[in-house]
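Colleague: One structure follows; several queries about it will come next.
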Amino acid sequence: MKYQISHLTQYHYLQDIANCYNLSCLSPRKLAYQKTRKTRLEVSPSPSSLYDHLDFFGNRHTFFHVNKLHTQLEVKVTSLVEVLSRLGSQQLEESTPWEELLIYLGHATDTQALHARLLRTATRMTPTDKLFRDFAMEVFEPGMPVLEGAKRLSHRIFDEFTYDPGFTTLATPVHTVLQQKRGVCQDFAQLAISALRSMGIPARYVSGYLETIPPPGQERLVGADASHAWFAVFDPILGWVDFDPTNDLIPDERHITLAFGRDYADVVPLKGLMSGGGQHQLTVQVDVMPLADSEGLGL
């Protein structure tokens, strides 16, 4: 599938801003199953400096500095992406049994194993403990392929938890999500990660977009899409495989990957510091527009 993605962020300030320093993570990844043809970032007012860098995980971050008085900041990222089909669900049973994965990670010294080890360590947003381990072990049977277990865990979250946009904020602990069984895509992804890492299984947070399809007979609304999040699990044979617990899906052509890391804090779409401004209003508009195969990918 080919997509044109538009992500518009607008800040409206009550008072003048003299300086603002910002870091965005809004450029889709280049992956074996995802071809990012072009990405364009536009900032208004025009920044005095702007440059890109890659983080430890290979995500592209853009830093920019605006040093003129302004009461509105607008950041628009437009990308052209082609997403290919990837791992099918029938291959999950071919993955490594989860106990053997733990043994492998205990002695392997290859690059992929060393990288995976970093992603089974707790973070502030994805803590590990017995409570999360018990939650995961209720679906992981002895000898079960690790990816099959991850699929069952993802399905359990989908089946038992309620999607509730008004229940959590970025500061809500994942323990609260587990206890109350409510949250949004970010919460469900980080809950799964905490559960898997509590077992010693490497898991990473994935940010991106999901193409939304309007109900039959209704037109597609421009700007009505939203950012999305899911998680991925490591297997020595099949690599990193994604799971979407919010929709009980194995991500495929409709999921566009932006970035991945230990948790949400590694891939915040836009963050920064400012001087002045007082109260402000934030609006975000996302549009994931599928393109016909005959349409070009020129931006």
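FYI, nothing fancy with the structure tokens labels: chains A, B, ... in order, residues from 1 per chain, ligands from 1 as they appear.
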May I have a table of the residues of stretch 250-274 of chain A lying at most 10 Å from stretch 10-32 of chain A, giving each one's closest pair of atoms and their distance in Å to one decimal, counting only C-alpha atoms, ordered by chain and ascending residue number, as CSV?

Modeller:
```
residue,atom,partner,partner_atom,distance
A:Ile256,CA,A:Pro28,CA,7.4
A:Thr257,CA,A:Pro28,CA,5.8
A:Leu258,CA,A:Pro28,CA,4.0
A:Ala259,CA,A:Arg29,CA,6.2
A:Phe260,CA,A:Arg29,CA,9.0
A:Asp266,CA,A:Cys25,CA,9.1
A:Val267,CA,A:Cys25,CA,6.1
A:Val268,CA,A:Cys25,CA,6.4
A:Pro269,CA,A:Cys25,CA,4.7
A:Leu270,CA,A:Ser24,CA,4.3
A:Lys271,CA,A:Leu23,CA,5.5
A:Gly272,CA,A:Asn22,CA,4.0
A:Leu273,CA,A:Tyr21,CA,5.2
A:Met274,CA,A:Cys20,CA,4.1
```

Colleague: How close does stretch 119-176 of chain A get to stretch 90-103 of chain A? List, as a Markdown table, each residue of stretch 119-176 of chain A within 10 Å, its nearest atom pair and the distance in Å to one decimal, counting only C-alpha atoms.

Modeller:
```
| residue | atom | partner | partner_atom | distance |
| --- | --- | --- | --- | --- |
| A:Phe140 | CA | A:Trp98 | CA | 8.4 |
| A:Glu141 | CA | A:Trp98 | CA | 9.2 |
| A:Pro142 | CA | A:Glu99 | CA | 7.7 |
| A:Gly143 | CA | A:Pro97 | CA | 5.2 |
| A:Met144 | CA | A:Pro97 | CA | 5.2 |
| A:Pro145 | CA | A:Pro97 | CA | 3.9 |
| A:Val146 | CA | A:Trp98 | CA | 4.5 |
| A:Leu147 | CA | A:Leu92 | CA | 5.3 |
| A:Glu148 | CA | A:Leu92 | CA | 5.4 |
| A:Gly149 | CA | A:Trp98 | CA | 8.1 |
| A:Ala150 | CA | A:Leu92 | CA | 9.3 |
| A:Lys151 | CA | A:Leu92 | CA | 8.4 |
```

Colleague: Could those residues be written to a file, using N, CA, C and O atoms, as an mmCIF file, in the first residue's frame?

Modeller:
```cif
data_model
loop_
_atom_site.group_PDB
_atom_site.id
_atom_site.type_symbol
_atom_site.label_atom_id
_atom_site.label_comp_id
_atom_site.auth_asym_id
_atom_site.auth_seq_id
_atom_site.Cartn_x
_atom_site.Cartn_y
_atom_site.Cartn_z
ATOM 1 N N PHE A 140 1.231 -17.767 28.668
ATOM 2 C CA PHE A 140 2.421 -18.461 28.170
ATOM 3 C C PHE A 140 2.484 -19.863 28.778
ATOM 4 O O PHE A 140 2.654 -20.016 29.985
ATOM 5 N N GLU A 141 2.356 -20.867 27.938
ATOM 6 C CA GLU A 141 2.459 -22.250 28.394
ATOM 7 C C GLU A 141 3.898 -22.741 28.243
ATOM 8 O O GLU A 141 4.659 -22.181 27.449
ATOM 9 N N PRO A 142 4.296 -23.767 28.993
ATOM 10 C CA PRO A 142 5.646 -24.318 28.844
ATOM 11 C C PRO A 142 5.900 -24.771 27.403
ATOM 12 O O PRO A 142 5.060 -25.431 26.786
ATOM 13 N N GLY A 143 7.051 -24.377 26.860
ATOM 14 C CA GLY A 143 7.414 -24.772 25.501
ATOM 15 C C GLY A 143 6.722 -23.999 24.401
ATOM 16 O O GLY A 143 6.944 -24.276 23.211
ATOM 17 N N MET A 144 5.913 -23.039 24.734
ATOM 18 C CA MET A 144 5.173 -22.285 23.708
ATOM 19 C C MET A 144 6.125 -21.395 22.909
ATOM 20 O O MET A 144 6.986 -20.723 23.480
ATOM 21 N N PRO A 145 5.986 -21.345 21.574
ATOM 22 C CA PRO A 145 6.767 -20.387 20.775
ATOM 23 C C PRO A 145 6.540 -18.974 21.269
ATOM 24 O O PRO A 145 5.403 -18.589 21.560
ATOM 25 N N VAL A 146 7.608 -18.206 21.370
ATOM 26 C CA VAL A 146 7.516 -16.884 21.989
ATOM 27 C C VAL A 146 6.537 -15.971 21.257
ATOM 28 O O VAL A 146 5.799 -15.200 21.888
ATOM 29 N N LEU A 147 6.491 -16.053 19.933
ATOM 30 C CA LEU A 147 5.586 -15.171 19.193
ATOM 31 C C LEU A 147 4.133 -15.611 19.325
ATOM 32 O O LEU A 147 3.222 -14.778 19.292
ATOM 33 N N GLU A 148 3.896 -16.888 19.491
ATOM 34 C CA GLU A 148 2.541 -17.360 19.746
ATOM 35 C C GLU A 148 2.075 -16.865 21.107
ATOM 36 O O GLU A 148 0.921 -16.449 21.282
ATOM 37 N N GLY A 149 2.981 -16.881 22.090
ATOM 38 C CA GLY A 149 2.634 -16.351 23.404
ATOM 39 C C GLY A 149 2.345 -14.867 23.360
ATOM 40 O O GLY A 149 1.412 -14.374 24.011
ATOM 41 N N ALA A 150 3.148 -14.120 22.576
ATOM 42 C CA ALA A 150 2.917 -12.684 22.435
ATOM 43 C C ALA A 150 1.565 -12.411 21.792
ATOM 44 O O ALA A 150 0.857 -11.458 22.168
ATOM 45 N N LYS A 151 1.196 -13.228 20.819
ATOM 46 C CA LYS A 151 -0.108 -13.070 20.170
ATOM 47 C C LYS A 151 -1.242 -13.293 21.176
ATOM 48 O O LYS A 151 -2.227 -12.552 21.200
#
```

Colleague: Of the candidates A:Phe56, A:Phe64, A:Phe167, A:Phe161, which shows the shortest atom-to-atom distance to A:Glu42, using only C-alpha atoms?

Modeller: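 Closest to A:Glu42, using only C-alpha atoms: A:Phe64.
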
Colleague: Would you mind telling me which residue in A:Asp287, A:Phe188, A:Leu238, A:Phe132 lies nearest to A:Asp159 when using only C-alpha atoms?

Modeller: A:Phe188

Colleague: Mind giving me the straight-line distance from atom CA of A:Ser48 to atom CA of A:Ser207 in Å, one decimal?

Modeller: 28.5 Å

Colleague: Quick one: pull the distance between atom CA of A:Ala229 and atom CA of A:Ser44, Å, one decimal.

Modeller: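 Taking atom CA of A:Ala229 as the start and atom CA of A:Ser44 as the end point, the length is 27.5 Å.
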
Colleague: A:Leu87, A:Ala189, A:Ala195, A:Met1: which is nearest A:Asp248, counting only C-alpha atoms?

Modeller: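 Of all the options, A:Ala189 lies closest to A:Asp248.
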
Colleague: Could you check the closest approach to A:Thr172 for each of A:Tyr205, A:Val241, A:Thr126, A:Arg133 and tell me which residue wins, using only C-alpha atoms?

Modeller: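 Comparing A:Tyr205, A:Val241, A:Thr126, A:Arg133 against A:Thr172, the winner is A:Thr126.
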
Colleague: Restricting the calculation to only C-alpha atoms, which member of A:Ser154, A:Thr283, A:Thr71, A:Asn59 is positioned closest to A:Asn247?

Modeller: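 Of A:Ser154, A:Thr283, A:Thr71, A:Asn59, the one nearest A:Asn247 is A:Ser154, counting only C-alpha atoms.
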